[in-house]
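Asks: I'm passing along model-v3.txt; it holds compact mmCIF, C-alpha atoms.
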```txt
# COMPACT_ATOMS: atom_id res chain seq x y z
CA MET A 756 29.40 -11.59 -31.55
CA ALA A 757 27.79 -14.16 -29.31
CA PRO A 758 29.43 -17.58 -28.94
CA GLY A 759 28.19 -19.99 -31.57
CA ALA A 760 26.81 -17.26 -33.79
CA GLY A 761 27.49 -17.18 -37.49
CA ARG A 762 26.79 -20.87 -38.10
CA SER A 763 24.59 -22.10 -40.92
CA ALA A 764 21.64 -24.42 -40.45
CA ASP A 765 21.65 -26.31 -43.72
CA ASP A 766 20.52 -29.49 -41.96
CA GLY A 767 16.91 -28.30 -41.76
CA LEU A 768 14.19 -26.57 -39.87
CA ALA A 769 14.60 -28.50 -36.61
CA ASP A 770 17.98 -26.93 -35.95
CA TRP A 771 16.74 -23.54 -37.14
CA GLN A 772 13.74 -23.65 -34.81
CA GLN A 773 15.99 -24.49 -31.88
CA ARG A 774 18.39 -21.64 -32.63
CA VAL A 775 15.71 -19.03 -33.25
CA SER A 776 13.93 -20.04 -30.05
CA ALA A 777 17.17 -19.69 -28.10
CA ALA A 778 17.87 -16.26 -29.58
CA TYR A 779 14.37 -14.82 -28.95
CA PHE A 780 11.80 -17.03 -27.22
CA PRO A 781 10.10 -20.38 -28.02
CA LEU A 782 8.63 -20.46 -31.53
CA VAL A 783 7.47 -22.95 -34.15
CA THR A 784 9.07 -22.67 -37.58
CA GLU A 785 7.60 -23.95 -40.85
CA GLY A 786 9.34 -24.05 -44.21
CA ARG A 787 7.53 -22.34 -47.07
CA ARG A 788 9.36 -24.05 -49.94
CA GLY A 789 9.93 -27.77 -49.60
CA LYS A 790 11.82 -29.71 -46.94
CA ASN A 791 15.33 -28.39 -47.47
CA PHE A 792 16.10 -25.26 -45.51
CA ARG A 793 19.10 -22.95 -45.38
CA GLY A 794 19.61 -20.38 -42.65
CA ARG A 795 22.37 -18.41 -40.97
CA MET A 796 22.16 -16.29 -37.81
CA ASP A 797 24.68 -13.84 -36.33
CA ILE A 798 24.09 -12.41 -32.84
CA TRP A 799 25.45 -9.38 -30.99
CA GLN A 800 24.58 -8.37 -27.43
CA LEU A 801 24.43 -4.60 -26.93
CA GLY A 802 23.57 -4.20 -23.28
CA LEU A 803 19.79 -4.62 -23.01
CA VAL A 804 19.43 -4.97 -26.77
CA SER A 805 20.03 -8.23 -28.61
CA ALA A 806 20.72 -7.68 -32.33
CA THR A 807 20.60 -10.50 -34.87
CA ARG A 808 21.22 -10.73 -38.59
CA ILE A 809 19.27 -13.54 -40.26
CA ASP A 810 19.89 -14.86 -43.76
CA CYS A 811 17.42 -17.64 -44.50
CA ASP A 812 14.98 -19.23 -46.90
CA ALA A 813 11.25 -18.55 -46.90
CA VAL A 814 9.84 -19.41 -43.49
CA LEU A 815 6.89 -18.93 -41.13
CA TYR A 816 7.38 -18.29 -37.40
CA ARG A 817 4.43 -19.07 -35.13
CA ARG A 818 4.19 -18.28 -31.42
CA THR A 819 1.20 -19.94 -29.77
CA SER A 820 -0.57 -19.70 -26.41
CA ARG A 821 1.24 -22.79 -25.16
CA HIS A 822 4.54 -20.97 -25.57
CA LEU A 823 3.34 -18.31 -23.13
CA ARG A 824 2.68 -20.61 -20.17
CA GLU A 825 6.21 -20.26 -18.83
CA GLU A 826 6.82 -16.73 -20.10
CA ARG A 827 9.31 -15.00 -17.78
CA GLU A 828 10.10 -11.89 -19.78
CA SER A 829 8.28 -9.56 -22.09
CA ALA A 830 10.06 -8.05 -25.05
CA PHE A 831 9.56 -6.41 -28.41
CA LEU A 832 11.06 -7.71 -31.62
CA ILE A 833 11.80 -5.05 -34.20
CA SER A 834 12.03 -6.96 -37.50
CA ILE A 835 13.64 -5.19 -40.46
CA PRO A 836 13.29 -7.00 -43.81
CA GLY A 837 16.11 -6.58 -46.30
CA SER A 838 14.72 -7.72 -49.67
CA ALA A 839 11.46 -9.65 -49.15
CA GLU A 840 8.06 -8.43 -48.04
CA VAL A 841 7.07 -9.89 -44.66
CA THR A 842 3.58 -10.43 -43.26
CA PHE A 843 2.78 -10.21 -39.58
CA HIS A 844 -0.41 -11.08 -37.69
CA GLN A 845 -0.98 -10.48 -33.98
CA SER A 846 -3.93 -9.45 -31.79
CA ALA A 847 -6.36 -8.94 -34.69
CA ARG A 848 -3.87 -6.78 -36.56
CA GLN A 849 -2.19 -7.79 -39.80
CA ALA A 850 0.53 -5.81 -41.51
CA GLN A 851 2.69 -6.20 -44.60
CA CYS A 852 6.15 -4.70 -44.33
CA ARG A 853 8.41 -4.10 -47.31
CA PRO A 854 12.15 -3.40 -47.27
CA GLY A 855 12.71 0.11 -45.99
CA GLY A 856 10.46 -0.35 -42.99
CA PHE A 857 10.17 -2.40 -39.82
CA VAL A 858 7.40 -4.22 -37.96
CA ILE A 859 6.92 -4.48 -34.20
CA GLU A 860 6.08 -7.78 -32.49
CA ARG A 861 5.41 -8.47 -28.82
CA SER A 862 6.54 -11.64 -27.07
CA ASP A 863 3.63 -11.98 -24.65
CA ALA A 864 0.89 -12.69 -27.20
CA PRO A 865 0.54 -15.30 -29.98
CA TYR A 866 1.53 -14.24 -33.48
CA GLU A 867 2.52 -15.38 -36.97
CA TYR A 868 5.30 -13.84 -39.04
CA TRP A 869 6.40 -15.04 -42.47
CA HIS A 870 8.10 -14.23 -45.76
CA GLU A 871 7.53 -16.16 -48.98
CA THR A 872 11.01 -15.69 -50.49
CA PRO A 873 14.54 -15.82 -49.05
CA ASP A 874 15.53 -12.72 -47.10
CA VAL A 875 18.36 -11.14 -45.13
CA GLN A 876 16.91 -9.19 -42.23
CA TRP A 877 17.85 -7.58 -38.95
CA VAL A 878 16.00 -8.19 -35.70
CA ALA A 879 16.40 -6.22 -32.47
CA LYS A 880 15.04 -7.70 -29.24
CA ILE A 881 14.31 -4.99 -26.66
CA PRO A 882 12.81 -5.35 -23.15
CA ARG A 883 9.21 -4.18 -23.02
CA ASP A 884 9.73 -2.32 -19.75
CA SER A 885 12.56 -0.23 -21.19
CA VAL A 886 10.26 0.94 -23.98
CA ARG A 887 7.29 1.54 -21.69
CA ALA A 888 9.41 3.64 -19.31
CA ARG A 889 10.22 5.98 -22.21
CA ILE A 890 7.00 6.21 -24.20
CA GLY A 891 4.24 5.04 -21.88
CA SER A 892 1.37 2.99 -23.23
CA PHE A 893 2.76 0.82 -26.01
CA GLU A 894 -0.20 -1.13 -27.37
CA LYS A 895 -0.77 1.52 -30.04
CA PHE A 896 2.55 0.63 -31.70
CA LEU A 897 2.04 -3.13 -31.91
CA GLY A 898 1.44 -4.70 -35.28
CA LEU A 899 2.37 -1.52 -37.12
CA SER A 900 4.55 -1.42 -40.20
CA MET A 901 6.73 1.67 -39.78
CA ASP A 902 8.24 3.51 -42.74
CA ALA A 903 11.97 3.84 -42.07
CA ARG A 904 13.13 5.36 -45.35
CA SER A 905 13.62 8.80 -43.82
CA GLY A 906 13.64 10.73 -40.57
CA ILE A 907 14.35 9.35 -37.12
CA ALA A 908 13.18 5.84 -38.08
CA SER A 909 15.86 5.74 -40.78
CA TYR A 910 18.38 6.92 -38.21
CA PHE A 911 17.38 4.01 -35.96
CA LEU A 912 18.14 1.51 -38.72
CA SER A 913 21.50 3.09 -39.53
CA SER A 914 22.35 3.29 -35.81
CA LEU A 915 21.64 -0.42 -35.40
CA SER A 916 23.86 -1.26 -38.37
CA SER A 917 26.65 1.00 -37.08
CA ALA A 918 26.49 -0.41 -33.55
CA VAL A 919 26.78 -3.98 -34.83
CA THR A 920 29.65 -3.04 -37.15
CA HIS A 921 31.68 -1.72 -34.22
CA ALA A 922 30.42 -4.10 -31.51
CA ASP A 923 33.35 -6.50 -31.59
CA ALA A 924 35.75 -3.62 -30.90
CA MET A 925 33.72 -2.36 -27.90
CA ASP A 926 34.02 -3.43 -24.29
CA GLU A 927 30.95 -4.43 -22.30
CA SER A 928 30.31 -0.90 -21.00
CA ALA A 929 30.47 0.63 -24.46
CA ARG A 930 28.08 -1.98 -25.85
CA ALA A 931 25.64 -1.20 -23.03
CA VAL A 932 25.74 2.49 -23.91
CA ALA A 933 25.20 1.66 -27.58
CA GLY A 934 22.18 -0.47 -26.68
CA GLU A 935 20.67 2.29 -24.55
CA HIS A 936 21.15 4.73 -27.42
CA LEU A 937 19.29 2.35 -29.74
CA ILE A 938 16.36 2.16 -27.31
CA GLU A 939 16.20 5.94 -27.08
CA VAL A 940 16.28 6.37 -30.87
CA LEU A 941 13.64 3.66 -31.39
CA CYS A 942 11.31 5.36 -28.93
CA LEU A 943 11.78 8.68 -30.70
CA ALA A 944 10.97 6.96 -34.00
CA LEU A 945 7.80 5.45 -32.56
CA LEU A 946 6.62 8.76 -31.17
CA ALA A 947 7.31 10.45 -34.49
CA GLY A 948 5.13 7.96 -36.39
CA GLU A 949 1.99 9.46 -37.88
CA ARG A 950 -0.15 6.75 -36.31
CA ALA A 951 1.45 6.95 -32.87
CA LEU A 952 -1.63 8.46 -31.32
CA ASP A 953 -4.25 6.45 -33.23
CA SER A 954 -6.59 4.68 -30.86
CA SER A 955 -10.14 3.48 -30.46
CA GLU A 956 -10.36 6.12 -27.72
CA SER A 957 -11.24 9.68 -28.61
CA ALA A 958 -8.41 11.75 -30.03
CA VAL A 959 -8.73 14.25 -27.18
CA ARG A 960 -8.46 11.59 -24.46
CA ARG A 961 -5.52 9.94 -26.20
CA ALA A 962 -3.76 13.28 -26.58
CA HIS A 963 -4.23 14.10 -22.88
CA LEU A 964 -2.74 10.74 -21.83
CA HIS A 965 0.17 11.21 -24.20
CA ARG A 966 0.82 14.68 -22.77
CA ALA A 967 0.70 13.36 -19.20
CA GLU A 968 3.06 10.46 -19.93
CA THR A 969 5.49 12.78 -21.68
CA PHE A 970 5.52 15.20 -18.74
CA ILE A 971 6.17 12.32 -16.34
CA ARG A 972 9.08 10.94 -18.34
CA LYS A 973 10.69 14.36 -18.63
CA SER A 974 10.27 15.03 -14.91
CA LEU A 975 11.41 11.72 -13.39
CA LYS A 976 14.49 13.28 -11.80
CA ASN A 977 12.35 15.74 -9.84
CA PRO A 978 11.80 14.15 -6.39
CA GLY A 979 8.66 16.26 -5.97
CA LEU A 980 6.95 14.78 -9.02
CA SER A 981 3.42 13.66 -8.13
CA ALA A 982 0.11 12.91 -9.78
CA GLY A 983 -1.12 16.30 -8.64
CA MET A 984 1.83 18.05 -10.30
CA VAL A 985 1.17 16.16 -13.54
CA ALA A 986 -2.50 17.11 -13.54
CA GLU A 987 -1.69 20.76 -12.91
CA ALA A 988 0.98 20.84 -15.63
CA CYS A 989 -1.45 19.32 -18.15
CA GLY A 990 -4.34 21.58 -17.17
CA ILE A 991 -6.67 18.75 -16.15
CA SER A 992 -8.19 17.58 -12.88
CA LEU A 993 -6.55 14.90 -10.77
CA ARG A 994 -9.67 12.75 -11.13
CA TYR A 995 -9.55 12.99 -14.92
CA LEU A 996 -5.84 12.15 -14.88
CA GLN A 997 -6.56 8.95 -12.97
CA GLN A 998 -9.32 8.09 -15.46
CA LEU A 999 -6.85 8.54 -18.32
CA PHE A 1000 -4.55 5.91 -16.81
CA GLU A 1001 -7.33 3.34 -16.43
CA GLY A 1002 -6.60 0.53 -18.85
CA THR A 1003 -2.83 1.15 -18.92
CA GLY A 1004 -2.17 -1.16 -15.98
CA PHE A 1005 -0.99 1.71 -13.76
CA THR A 1006 -2.27 4.60 -11.74
CA ALA A 1007 -0.52 7.89 -12.46
CA SER A 1008 1.61 7.48 -9.33
CA GLY A 1009 2.30 3.85 -10.20
CA TYR A 1010 3.47 4.85 -13.66
CA ILE A 1011 5.87 7.42 -12.15
CA ARG A 1012 7.32 4.75 -9.86
CA GLU A 1013 7.53 2.16 -12.67
CA CYS A 1014 9.45 4.52 -14.95
CA ARG A 1015 11.85 5.43 -12.16
CA LEU A 1016 12.48 1.81 -11.23
CA VAL A 1017 13.12 0.68 -14.81
CA ARG A 1018 15.57 3.53 -15.46
CA SER A 1019 17.30 2.84 -12.14
CA ASP A 1020 17.56 -0.85 -12.99
CA GLU A 1021 19.19 -0.02 -16.32
CA ASP A 1022 21.80 2.14 -14.56
CA LEU A 1023 22.43 -0.50 -11.88
CA ARG A 1024 23.08 -3.20 -14.46
CA ARG A 1025 25.38 -0.95 -16.43
CA GLY A 1026 27.53 -0.38 -13.32
CA GLY A 1027 29.51 2.70 -12.33
CA ASP A 1028 27.63 4.97 -9.93
CA THR A 1029 26.64 4.05 -6.39
CA ILE A 1030 23.19 2.76 -5.55
CA THR A 1031 22.46 5.96 -3.63
CA ALA A 1032 23.48 8.16 -6.58
CA ILE A 1033 21.30 6.18 -8.97
CA ALA A 1034 18.30 6.30 -6.64
CA TYR A 1035 18.58 10.07 -6.22
CA ARG A 1036 19.19 10.60 -9.94
CA TRP A 1037 15.81 9.08 -10.78
CA GLY A 1038 13.83 10.95 -8.15
CA PHE A 1039 13.87 8.65 -5.13
CA SER A 1040 14.47 10.80 -2.05
CA ASP A 1041 14.91 7.87 0.32
CA GLN A 1042 17.27 4.95 -0.38
CA ALA A 1043 15.40 2.55 1.92
CA GLN A 1044 12.18 3.30 0.06
CA PHE A 1045 13.96 2.80 -3.26
CA SER A 1046 15.35 -0.57 -2.13
CA ARG A 1047 11.93 -1.72 -0.96
CA HIS A 1048 10.22 -0.77 -4.22
CA TYR A 1049 13.08 -2.20 -6.29
CA ARG A 1050 12.89 -5.57 -4.55
CA ALA A 1051 9.10 -5.71 -4.92
CA ARG A 1052 9.44 -4.96 -8.65
CA PHE A 1053 12.45 -7.09 -9.65
CA GLY A 1054 12.64 -9.78 -6.96
CA LEU A 1055 16.10 -8.85 -5.67
CA THR A 1056 17.72 -5.95 -3.86
CA PRO A 1057 19.71 -3.21 -5.65
CA SER A 1058 22.86 -4.60 -4.04
CA GLU A 1059 22.16 -8.06 -5.40
CA ALA A 1060 21.57 -6.62 -8.86
CA ARG A 1061 24.83 -4.67 -8.65
CA HIS A 1062 26.66 -7.77 -7.39
CA GLY A 1063 25.35 -9.73 -10.37
CA VAL A 1064 26.83 -7.14 -12.72
CA ALA A 1065 30.16 -7.23 -10.91
CA ALA A 1066 30.25 -11.04 -10.97
CA SER A 1067 29.49 -11.04 -14.68
CA SER A 1068 32.34 -8.60 -15.33
CA VAL A 1069 34.78 -10.73 -13.36
CA SER A 1070 33.64 -13.80 -15.25
CA GLN A 1071 34.24 -12.08 -18.55
CA LEU A 1072 37.75 -11.04 -17.49
CA MET A 1073 38.59 -14.62 -16.50
CA LYS A 1074 37.59 -16.04 -19.89
```
Before we go any further, please render this structure as structure tokens.
Replies:
Amino acid sequence: MAPGAGRSADDGLADWQQRVSAAYFPLVTEGRRGKNFRGRMDIWQLGLVSATRIDCDAVLYRRTSRHLREERESAFLISIPGSAEVTFHQSARQAQCRPGGFVIERSDAPYEYWHETPDVQWVAKIPRDSVRARIGSFEKFLGLSMDARSGIASYFLSSLSSAVTHADAMDESARAVAGEHLIEVLCLALLAGERALDSSESAVRRAHLHRAETFIRKSLKNPGLSAGMVAEACGISLRYLQQLFEGTGFTASGYIRECRLVRSDEDLRRGGDTITAIAYRWGFSDQAQFSRHYRARFGLTPSEARHGVAASSVSQLMK
């Protein structure tokens, strides 16, 4: 459990707002029932995933455009209500989520999230890039209320609960593995959702893009992977493939490189293998090229990233 976690905030919303903002990102909190407010937050860090358990009175959380001016990271919040229905509004979408489901929020756009009665809920904060590297375009999942009473979505919820239950007995490496497992299971749950492919685009176009992204993610370790190979595997022209990726923020080749870099970064920060082994594992055939792309993407070299992990481990041992 993170230092300072597990404390109550009976002294009001000001303290609660400060603690929630520190755990996730800057937010405004408003009480829904009078001035007195009771809240408790417990935090566990599982590698890339931050898991929190919140027990609090009725409250509204508002993230506004002014909070985004100094945004340095993009993440998803997976909010899982325990007993109260929650309402969420972001980017012209509004969803109600009852216990037994979860709702997906993004950090890089304004939103409102509230519940009118006290609730105990779980929240998982997951880097956006880690999700995008596994499932591709992610806008289609935002603002959705997912049913998690059965199937892989239910398994995600039980996996989160199990990981937190055992977190205090795990070392840093084991917690990192547990966090990566949670990301993988969440992505499977999203892809299994009935509305995963809903879009304002035609169903055929959306299906082609989904097929191309899936082929790319499954083939990242192949150093010969190219846009041409993707187009051939999907039975479409290279020109049409490039058109499919318009609006995603990437070209097909750029998406291949982005996925490789994010997966490599995850392995670097977990420690263990050499930089060369990690680069080759994710399809980079030249270490110098990998280092150049990595620095352009993350602002530091692979060696500096690895050194940061090592320094963190030494610091933990000295505590």
Asks: Kindly give the distance, in Å, that separates CA of Asp797 in chain A and CA of Ile809 in chain A, rounded to a single decimal.
Replies: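 CA of Ile809 in chain A lies 6.7 Å from CA of Asp797 in chain A.
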Asks: Ranking A:Leu1016, A:Val783, A:Leu945, A:Ala777 by minimum distance to Met796 in chain A and counting all atoms listed in the file, which one comes first?
Replies: A:Ala777
Asks: Could you list, as a CSV table (one decimal) with C-alpha atoms, keeping the file's coordinate frame, every residue within 9 Å of range 940-943 of chain A, counting all atoms listed in the file and ignoring same-chain residues fewer than 4 positions away?
Replies:
```csv
chain,number,residue,atom,x,y,z
A,886,VAL,CA,10.3,0.9,-24.0
A,889,ARG,CA,10.2,6.0,-22.2
A,890,ILE,CA,7.0,6.2,-24.2
A,907,ILE,CA,14.4,9.4,-37.1
A,908,ALA,CA,13.2,5.8,-38.1
A,910,TYR,CA,18.4,6.9,-38.2
A,911,PHE,CA,17.4,4.0,-36.0
A,912,LEU,CA,18.1,1.5,-38.7
A,914,SER,CA,22.4,3.3,-35.8
A,935,GLU,CA,20.7,2.3,-24.6
A,936,HIS,CA,21.2,4.7,-27.4
A,947,ALA,CA,7.3,10.4,-34.5
A,948,GLY,CA,5.1,8.0,-36.4
```
Asks: Using only C-alpha atoms, which residue out of A:Phe970, A:Phe857, A:Phe1053, A:Tyr868 lies closest to Arg827 in chain A?
Replies: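 Once distances to Arg827 in chain A are computed over only C-alpha atoms, the minimum belongs to A:Phe1053.
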Asks: Quick one: pull the distance between CA of Thr1006 in chain A and CA of Ala967 in chain A, Å, one decimal.
Replies: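 Calculated distance between CA of Thr1006 in chain A and CA of Ala967 in chain A is 11.9 Å.
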